$ cat run26.pdb   # PDB, C-alpha atoms
ATOM      1  CA  MET A 241     -15.767  -8.038   3.350
ATOM      2  CA  GLY A 242     -13.282  -5.173   3.216
ATOM      3  CA  SER A 243     -13.883  -1.439   3.381
ATOM      4  CA  LEU A 244     -12.307   1.247   1.191
ATOM      5  CA  PHE A 245     -12.335   4.894   2.292
ATOM      6  CA  LEU A 246     -11.563   7.004  -0.758
ATOM      7  CA  VAL A 247     -10.531  10.472   0.438
ATOM      8  CA  ARG A 248      -9.815  13.709  -1.355
ATOM      9  CA  HIS A 249      -7.119  15.763   0.370
ATOM     10  CA  ALA A 250      -8.272  18.647   2.543
ATOM     11  CA  THR A 251      -8.327  22.337   1.588
ATOM     12  CA  THR A 252      -5.466  24.150  -0.125
ATOM     13  CA  GLU A 253      -5.351  27.777  -1.164
ATOM     14  CA  ALA A 254      -5.878  26.653  -4.774
ATOM     15  CA  SER A 255      -8.958  24.567  -3.983
ATOM     16  CA  ARG A 256     -10.329  27.471  -1.947
ATOM     17  CA  THR A 257      -9.875  29.940  -4.819
ATOM     18  CA  GLY A 258     -10.766  27.654  -7.743
ATOM     19  CA  ARG A 259      -7.299  27.373  -9.254
ATOM     20  CA  MET A 260      -6.129  24.188 -10.941
ATOM     21  CA  LEU A 261      -3.609  22.355  -8.795
ATOM     22  CA  GLY A 262      -2.191  19.205 -10.308
ATOM     23  CA  GLN A 263       1.365  17.911 -10.290
ATOM     24  CA  ARG A 264       3.483  20.990 -10.947
ATOM     25  CA  ILE A 265       2.810  23.011  -7.767
ATOM     26  CA  ASP A 266       3.207  21.025  -4.551
ATOM     27  CA  ALA A 267       1.088  23.152  -2.231
ATOM     28  CA  PRO A 268       0.433  22.537   1.469
ATOM     29  CA  LEU A 269      -2.901  22.519   3.244
ATOM     30  CA  THR A 270      -4.242  25.779   4.609
ATOM     31  CA  PRO A 271      -4.641  26.015   8.419
ATOM     32  CA  ASP A 272      -8.355  25.352   7.922
ATOM     33  CA  GLY A 273      -7.398  22.412   5.734
ATOM     34  CA  VAL A 274      -5.277  20.915   8.504
ATOM     35  CA  GLU A 275      -8.220  21.099  10.893
ATOM     36  CA  LEU A 276     -10.521  19.613   8.240
ATOM     37  CA  ALA A 277      -8.098  16.704   7.749
ATOM     38  CA  ARG A 278      -8.226  16.048  11.490
ATOM     39  CA  ARG A 279     -12.026  15.997  11.399
ATOM     40  CA  THR A 280     -11.916  13.608   8.447
ATOM     41  CA  GLY A 281      -9.633  11.324  10.421
ATOM     42  CA  ARG A 282     -11.966  11.347  13.418
ATOM     43  CA  ALA A 283     -14.979  10.639  11.193
ATOM     44  CA  ILE A 284     -13.253   7.653   9.575
ATOM     45  CA  ALA A 285     -12.177   6.400  13.012
ATOM     46  CA  ASP A 286     -15.832   6.542  14.076
ATOM     47  CA  GLU A 287     -16.872   4.624  10.968
ATOM     48  CA  LEU A 288     -14.263   1.944  11.622
ATOM     49  CA  GLN A 289     -15.560   1.362  15.146
ATOM     50  CA  ALA A 290     -18.705  -0.106  13.582
ATOM     51  CA  LEU A 291     -16.734  -2.354  11.186
ATOM     52  CA  PRO A 292     -15.008  -5.649  12.077
ATOM     53  CA  HIS A 293     -11.641  -4.553  10.703
ATOM     54  CA  GLN A 294      -8.491  -6.329  11.805
ATOM     55  CA  VAL A 295      -5.987  -5.108   9.215
ATOM     56  CA  LEU A 296      -5.761  -1.440   8.224
ATOM     57  CA  ARG A 297      -3.746   0.199   5.432
ATOM     58  CA  VAL A 298      -3.329   3.921   4.738
ATOM     59  CA  LEU A 299      -2.156   4.915   1.253
ATOM     60  CA  SER A 300      -1.413   8.372  -0.126
ATOM     61  CA  SER A 301      -0.435  10.276  -3.213
ATOM     62  CA  PRO A 302       3.068  11.743  -2.757
ATOM     63  CA  ALA A 303       1.660  15.279  -3.065
ATOM     64  CA  ARG A 304       2.267  17.357   0.040
ATOM     65  CA  ARG A 305      -1.433  18.146   0.447
ATOM     66  CA  CYS A 306      -2.242  14.429   0.429
ATOM     67  CA  ARG A 307       0.623  13.479   2.737
ATOM     68  CA  GLU A 308      -0.509  16.094   5.257
ATOM     69  CA  THR A 309      -4.093  14.850   5.051
ATOM     70  CA  ALA A 310      -2.983  11.224   5.356
ATOM     71  CA  ALA A 311      -0.841  12.064   8.381
ATOM     72  CA  ALA A 312      -3.830  13.594  10.180
ATOM     73  CA  ILE A 313      -5.993  10.576   9.341
ATOM     74  CA  ALA A 314      -3.266   8.118  10.346
ATOM     75  CA  ASP A 315      -2.927   9.918  13.674
ATOM     76  CA  ALA A 316      -6.658   9.548  14.330
ATOM     77  CA  LEU A 317      -6.439   5.859  13.427
ATOM     78  CA  ARG A 318      -3.260   5.353  15.467
ATOM     79  CA  VAL A 319      -1.306   4.242  12.418
ATOM     80  CA  PRO A 320       2.390   5.245  12.558
ATOM     81  CA  ASP A 321       3.450   7.701   9.834
ATOM     82  CA  ALA A 322       6.103   5.224   8.714
ATOM     83  CA  GLN A 323       3.365   2.794   7.750
ATOM     84  CA  VAL A 324       1.613   5.206   5.346
ATOM     85  CA  GLU A 325       2.192   3.848   1.834
ATOM     86  CA  GLU A 326       2.921   6.411  -0.912
ATOM     87  CA  ASP A 327       2.082   5.601  -4.520
ATOM     88  CA  PRO A 328       2.935   8.070  -7.330
ATOM     89  CA  ARG A 329       0.173   6.611  -9.486
ATOM     90  CA  LEU A 330      -2.320   8.342  -7.175
ATOM     91  CA  TRP A 331      -1.173  11.851  -8.201
ATOM     92  CA  GLU A 332      -3.730  14.375  -9.428
ATOM     93  CA  ILE A 333      -4.243  14.937 -13.137
ATOM     94  CA  ASP A 334      -1.459  16.907 -14.817
ATOM     95  CA  TYR A 335      -3.053  20.211 -15.818
ATOM     96  CA  GLY A 336      -0.079  21.056 -18.028
ATOM     97  CA  ARG A 337      -0.027  24.712 -19.085
ATOM     98  CA  TRP A 338      -3.274  25.312 -17.185
ATOM     99  CA  GLU A 339      -1.662  24.618 -13.809
ATOM    100  CA  GLY A 340      -2.425  27.473 -11.427
ATOM    101  CA  LEU A 341      -5.122  28.999 -13.653
ATOM    102  CA  THR A 342      -8.844  29.316 -13.020
ATOM    103  CA  ALA A 343     -11.275  27.824 -15.527
ATOM    104  CA  ASP A 344     -12.023  31.327 -16.861
ATOM    105  CA  GLU A 345      -8.310  32.048 -17.341
ATOM    106  CA  ALA A 346      -7.855  28.764 -19.195
ATOM    107  CA  MET A 347     -10.831  29.648 -21.403
ATOM    108  CA  ALA A 348      -9.335  33.045 -22.204
ATOM    109  CA  ARG A 349      -6.014  31.456 -23.100
ATOM    110  CA  ASP A 350      -7.178  28.312 -24.960
ATOM    111  CA  GLY A 351     -10.871  28.743 -25.642
ATOM    112  CA  GLU A 352     -11.390  26.002 -28.225
ATOM    113  CA  LEU A 353      -9.423  23.397 -26.280
ATOM    114  CA  ARG A 354     -11.075  24.352 -22.995
ATOM    115  CA  ARG A 355     -14.521  23.915 -24.534
ATOM    116  CA  ALA A 356     -13.521  20.525 -25.948
ATOM    117  CA  TYR A 357     -12.151  19.482 -22.548
ATOM    118  CA  ALA A 358     -15.332  20.589 -20.769
ATOM    119  CA  ALA A 359     -17.399  18.496 -23.200
ATOM    120  CA  ASP A 360     -15.312  15.329 -22.742
ATOM    121  CA  PRO A 361     -12.621  15.552 -20.035
ATOM    122  CA  TYR A 362     -12.074  11.815 -20.239
ATOM    123  CA  ALA A 363     -10.850  11.885 -23.851
ATOM    124  CA  VAL A 364      -9.354  15.375 -24.240
ATOM    125  CA  ARG A 365      -5.872  16.119 -22.907
ATOM    126  CA  MET A 366      -5.024  19.463 -21.395
ATOM    127  CA  PRO A 367      -2.134  21.317 -23.107
ATOM    128  CA  ASP A 368       1.103  19.496 -22.190
ATOM    129  CA  GLY A 369      -0.943  17.608 -19.600
ATOM    130  CA  GLU A 370      -3.251  14.638 -19.169
ATOM    131  CA  SER A 371      -6.783  13.519 -19.916
ATOM    132  CA  GLY A 372      -9.122  11.678 -17.582
ATOM    133  CA  ARG A 373      -8.270   8.477 -19.468
ATOM    134  CA  ASP A 374      -4.575   8.972 -18.670
ATOM    135  CA  VAL A 375      -5.390   9.367 -14.981
ATOM    136  CA  ARG A 376      -7.646   6.312 -14.996
ATOM    137  CA  GLU A 377      -4.958   4.107 -16.512
ATOM    138  CA  ARG A 378      -2.361   4.879 -13.858
ATOM    139  CA  ALA A 379      -4.594   5.443 -10.817
ATOM    140  CA  PHE A 380      -6.721   2.336 -11.306
ATOM    141  CA  ALA A 381      -3.512   0.304 -11.588
ATOM    142  CA  ALA A 382      -2.861   1.408  -7.991
ATOM    143  CA  LEU A 383      -6.440   1.102  -6.709
ATOM    144  CA  LEU A 384      -7.540  -2.234  -8.157
ATOM    145  CA  PRO A 385      -4.944  -4.353  -6.284
ATOM    146  CA  VAL A 386      -6.040  -2.667  -3.051
ATOM    147  CA  GLU A 387      -9.657  -3.486  -3.839
ATOM    148  CA  ARG A 388      -8.767  -7.128  -4.577
ATOM    149  CA  TRP A 389      -6.888  -7.293  -1.268
ATOM    150  CA  LEU A 390      -9.975  -5.981   0.505
ATOM    151  CA  ALA A 391     -12.244  -8.511  -1.209
ATOM    152  CA  GLU A 392     -10.004 -11.491  -0.451
ATOM    153  CA  GLY A 393     -10.104 -11.306   3.345
ATOM    154  CA  ARG A 394     -12.454 -10.493   6.177
ATOM    155  CA  GLY A 395     -11.923  -7.531   8.457
ATOM    156  CA  ARG A 396      -9.719  -5.500   6.124
ATOM    157  CA  ALA A 397      -9.884  -1.736   5.624
ATOM    158  CA  ALA A 398      -7.925   0.725   3.502
ATOM    159  CA  VAL A 399      -7.868   4.520   3.477
ATOM    160  CA  VAL A 400      -6.642   6.003   0.188
ATOM    161  CA  VAL A 401      -5.874   9.735   0.247
ATOM    162  CA  THR A 402      -5.751  11.090  -3.265
ATOM    163  CA  HIS A 403      -7.118  13.846  -5.512
ATOM    164  CA  ASN A 404     -10.236  15.261  -7.105
ATOM    165  CA  HIS A 405      -9.982  13.558 -10.504
ATOM    166  CA  VAL A 406      -8.896  10.199  -9.120
ATOM    167  CA  VAL A 407     -11.839  10.058  -6.704
ATOM    168  CA  ARG A 408     -14.387  11.130  -9.307
ATOM    169  CA  LEU A 409     -13.105   8.709 -11.936
ATOM    170  CA  ARG A 410     -13.173   5.728  -9.575
ATOM    171  CA  LEU A 411     -16.650   6.533  -8.277
ATOM    172  CA  ALA A 412     -17.956   7.050 -11.813
ATOM    173  CA  ALA A 413     -16.607   3.633 -12.827
ATOM    174  CA  LEU A 414     -18.105   1.945  -9.756
ATOM    175  CA  LEU A 415     -21.467   3.638 -10.317
ATOM    176  CA  GLY A 416     -21.548   2.828 -14.038
ATOM    177  CA  ILE A 417     -21.586   6.482 -15.069
ATOM    178  CA  PRO A 418     -20.214   7.187 -18.580
ATOM    179  CA  MET A 419     -16.613   8.225 -18.144
ATOM    180  CA  ARG A 420     -16.993  11.396 -20.195
ATOM    181  CA  ASP A 421     -19.451  12.560 -17.499
ATOM    182  CA  TYR A 422     -17.223  11.944 -14.480
ATOM    183  CA  ARG A 423     -16.660  15.647 -13.807
ATOM    184  CA  ARG A 424     -20.286  16.592 -14.444
ATOM    185  CA  ARG A 425     -21.991  13.839 -12.427
ATOM    186  CA  ILE A 426     -19.624  13.306  -9.463
ATOM    187  CA  VAL A 427     -18.476  15.770  -6.776
ATOM    188  CA  ALA A 428     -15.407  15.260  -4.572
ATOM    189  CA  ASP A 429     -15.074  18.068  -2.041
ATOM    190  CA  PRO A 430     -11.812  18.740  -0.192
ATOM    191  CA  GLY A 431     -11.609  16.562   2.913
ATOM    192  CA  ALA A 432     -14.608  14.425   1.926
ATOM    193  CA  TYR A 433     -14.577  10.635   1.885
ATOM    194  CA  SER A 434     -16.555   7.911   0.164
ATOM    195  CA  LEU A 435     -16.955   4.388   1.516
ATOM    196  CA  VAL A 436     -17.102   1.289  -0.695
ATOM    197  CA  THR A 437     -17.139  -2.310   0.556
ATOM    198  CA  PHE A 438     -15.733  -5.249  -1.379
ATOM    199  CA  GLY A 439     -16.526  -8.933  -0.951
ATOM    200  CA  SER A 440     -17.561 -11.967  -2.961
ATOM    201  CA  ARG A 441     -20.197 -10.016  -4.892
ATOM    202  CA  GLU A 442     -20.265  -6.628  -6.602
ATOM    203  CA  PRO A 443     -18.805  -3.649  -4.693
ATOM    204  CA  VAL A 444     -21.332  -1.830  -2.502
ATOM    205  CA  ILE A 445     -21.155   1.966  -2.374
ATOM    206  CA  ARG A 446     -22.185   2.953   1.142
ATOM    207  CA  ARG A 447     -21.194   6.628   1.341
ATOM    208  CA  VAL A 448     -20.373   9.270  -1.277
ATOM    209  CA  ASN A 449     -18.638  12.598  -0.614
ATOM    210  CA  VAL A 450     -19.153  12.719   3.146
ATOM    211  CA  LEU A 451     -17.922  16.009   4.614
ATOM    212  CA  PRO A 452     -17.074  15.653   8.330
ATOM    213  CA  ARG A 453     -18.510  18.205  10.724
TER     214      ARG A 453
END

$ encode --input "run26.pdb" --output "structure tokens"
Amino acid sequence: MGSLFLVRHATTEASRTGRMLGQRIDAPLTPDGVELARRTGRAIADELQALPHQVLRVLSSPARRCRETAAAIADALRVPDAQVEEDPRLWEIDYGRWEGLTADEAMARDGELRRAYAADPYAVRMPDGESGRDVRERAFAALLPVERWLAEGRGRAAVVVTHNHVVRLRLAALLGIPMRDYRRRIVADPGAYSLVTFGSREPVIRRVNVLPR
């Protein structure tokens, strides 16, 4: 059995203020976000103490906010920074022309498209950006090999530090939730992690959106 910790990066100014932060603005964590990332790392370290892991991988989106979160987690797990694997397929959704806007500002600018996106974010692309389906195609291509690696050996663990849409899409797929509902039915808070184990049978979802204290 292998264990996957699926982590959303910790707090940025955009996540604090409700602005869309995708691929076009590479923002850092806030000071509170840095401390939250450290708490997330300690919480995952505590979880791993109860698991028979022998091999540990830490993977990250190349976004600065994810790299900073992954560095804090790697430090808590005593994994050298040089061993953190970056994968561009784990980037957040591309918000296109809505990057940096709030939902209300996007509605004021592109009301019809924003309503269509809210109804089915999996199928509808944002202007000059991506849809949930686009994110699923590239992000799952990165995640599924990691999950197979976890299932194929005992004592394996992986921490994947990524983004809001990636986490929600993967959890929705694992839970059997219709993909058009991934934003409505799943929450991924900054700094939260979910834990899924993989083995010879179906994946087992053991934690969802755990916020460390």

$ resolve_selection --input "run26.pdb" --expression "the PyMOL selection byres ((chain A and resi 251-260) around 9)" --output "list in words"
His249, Ala250, Leu261, Gly262, Ala267, Pro268, Leu269, Thr270, Pro271, Asp272, Gly273, Val274, Leu276, Ala277, Arg305, Tyr335, Trp338, Glu339, Gly340, Leu341, Thr342, Ala343, Asp429, Pro430 and Gly431 of chain A

$ residues_near_point --input "run26.pdb" --point "(-6.6, -1.8, -1.4)" --cutoff "10 Å" --atoms "all atoms listed in the file" --output "PDB file with C-alpha atoms, in the frame of the given file"
ATOM      1  CA  GLY A 242     -13.282  -5.173   3.216  1.00  0.00           C
ATOM      2  CA  SER A 243     -13.883  -1.439   3.381  1.00  0.00           C
ATOM      3  CA  LEU A 244     -12.307   1.247   1.191  1.00  0.00           C
ATOM      4  CA  PHE A 245     -12.335   4.894   2.292  1.00  0.00           C
ATOM      5  CA  LEU A 296      -5.761  -1.440   8.224  1.00  0.00           C
ATOM      6  CA  ARG A 297      -3.746   0.199   5.432  1.00  0.00           C
ATOM      7  CA  VAL A 298      -3.329   3.921   4.738  1.00  0.00           C
ATOM      8  CA  LEU A 299      -2.156   4.915   1.253  1.00  0.00           C
ATOM      9  CA  ALA A 382      -2.861   1.408  -7.991  1.00  0.00           C
ATOM     10  CA  LEU A 383      -6.440   1.102  -6.709  1.00  0.00           C
ATOM     11  CA  LEU A 384      -7.540  -2.234  -8.157  1.00  0.00           C
ATOM     12  CA  PRO A 385      -4.944  -4.353  -6.284  1.00  0.00           C
ATOM     13  CA  VAL A 386      -6.040  -2.667  -3.051  1.00  0.00           C
ATOM     14  CA  GLU A 387      -9.657  -3.486  -3.839  1.00  0.00           C
ATOM     15  CA  ARG A 388      -8.767  -7.128  -4.577  1.00  0.00           C
ATOM     16  CA  TRP A 389      -6.888  -7.293  -1.268  1.00  0.00           C
ATOM     17  CA  LEU A 390      -9.975  -5.981   0.505  1.00  0.00           C
ATOM     18  CA  ALA A 391     -12.244  -8.511  -1.209  1.00  0.00           C
ATOM     19  CA  ARG A 396      -9.719  -5.500   6.124  1.00  0.00           C
ATOM     20  CA  ALA A 397      -9.884  -1.736   5.624  1.00  0.00           C
ATOM     21  CA  ALA A 398      -7.925   0.725   3.502  1.00  0.00           C
ATOM     22  CA  VAL A 399      -7.868   4.520   3.477  1.00  0.00           C
ATOM     23  CA  VAL A 400      -6.642   6.003   0.188  1.00  0.00           C
ATOM     24  CA  PHE A 438     -15.733  -5.249  -1.379  1.00  0.00           C
TER      25      PHE A 438
END

$ atom_distance --input "run26.pdb" --atom1 "atom CA of A:Arg354" --atom2 "atom CA of A:Glu377"
22.1 Å

$ resolve_selection --input "run26.pdb" --expression "the PyMOL selection byres ((chain A and resi 361-369) around 8)" --output "NGL selection string"
:A and (333-338 or 353-354 or 356-360 or 370-373 or 419-423)

$ residues_around --input "run26.pdb" --residues "A:Asp286" --least-positions-apart "4" --cutoff "12 Å" --atoms "all atoms listed in the file" --output "VMD selection string"
chain A and resid 279 to 282 290 to 291 313 316 to 317 452

$ atom_distance --input "run26.pdb" --atom1 "atom CA of A:Glu326" --atom2 "atom CA of A:Val436"
20.7 Å

$ atom_distance --input "run26.pdb" --atom1 "atom CA of A:Leu409" --atom2 "atom CA of A:Glu442"
17.7 Å

$ residues_around --input "run26.pdb" --residues "A:Ala432" --least-positions-apart "6" --cutoff "6 Å" --atoms "all atoms listed in the file" --output "mmCIF file with C-alpha atoms, in the coordinates of the input"
data_model
loop_
_atom_site.group_PDB
_atom_site.id
_atom_site.type_symbol
_atom_site.label_atom_id
_atom_site.label_comp_id
_atom_site.auth_asym_id
_atom_site.auth_seq_id
_atom_site.Cartn_x
_atom_site.Cartn_y
_atom_site.Cartn_z
ATOM 1 C CA VAL A 247 -10.531 10.472 0.438
ATOM 2 C CA ARG A 248 -9.815 13.709 -1.355
ATOM 3 C CA ASN A 449 -18.638 12.598 -0.614
ATOM 4 C CA VAL A 450 -19.153 12.719 3.146
ATOM 5 C CA LEU A 451 -17.922 16.009 4.614
#

$ residues_around --input "run26.pdb" --residues "A:Asp327" --least-positions-apart "4" --cutoff "7 Å" --atoms "all atoms listed in the file" --output "PyMOL selection string"
chain A and resi 300-302

$ write_last_selection --input "run26.pdb" --atoms "C-alpha atoms" --output "PDB file, keeping the file's coordinate frame"
ATOM      1  CA  SER A 300      -1.413   8.372  -0.126  1.00  0.00           C
ATOM      2  CA  SER A 301      -0.435  10.276  -3.213  1.00  0.00           C
ATOM      3  CA  PRO A 302       3.068  11.743  -2.757  1.00  0.00           C
TER       4      PRO A 302
END

$ resolve_selection --input "run26.pdb" --expression "the PyMOL selection byres ((chain A and resi 330) around 6)" --output "PyMOL selection string"
chain A and resi 301+327-329+331+379+402

$ residues_around --input "run26.pdb" --residues "A:Glu332" --least-positions-apart "6" --cutoff "7 Å" --atoms "all atoms listed in the file" --output "PDB file with C-alpha atoms, in the frame of the given file"
ATOM      1  CA  GLY A 262      -2.191  19.205 -10.308  1.00  0.00           C
ATOM      2  CA  GLN A 263       1.365  17.911 -10.290  1.00  0.00           C
ATOM      3  CA  HIS A 403      -7.118  13.846  -5.512  1.00  0.00           C
ATOM      4  CA  ASN A 404     -10.236  15.261  -7.105  1.00  0.00           C
ATOM      5  CA  HIS A 405      -9.982  13.558 -10.504  1.00  0.00           C
ATOM      6  CA  VAL A 406      -8.896  10.199  -9.120  1.00  0.00           C
TER       7      VAL A 406
END

$ closest_residue --input "run26.pdb" --among "A:Val295, A:Ala322, A:Met241, A:Ile284" --to "A:Pro443" --atoms "all atoms listed in the file"
A:Met241

$ closest_residue --input "run26.pdb" --among "A:Arg349, A:Arg355, A:Arg441, A:Arg264" --to "A:Glu392" --atoms "all atoms listed in the file"
A:Arg441

$ closest_residue --input "run26.pdb" --among "A:Ala348, A:Val401, A:Val375, A:Ala283" --to "A:Ala310" --atoms "all atoms listed in the file"
A:Val401
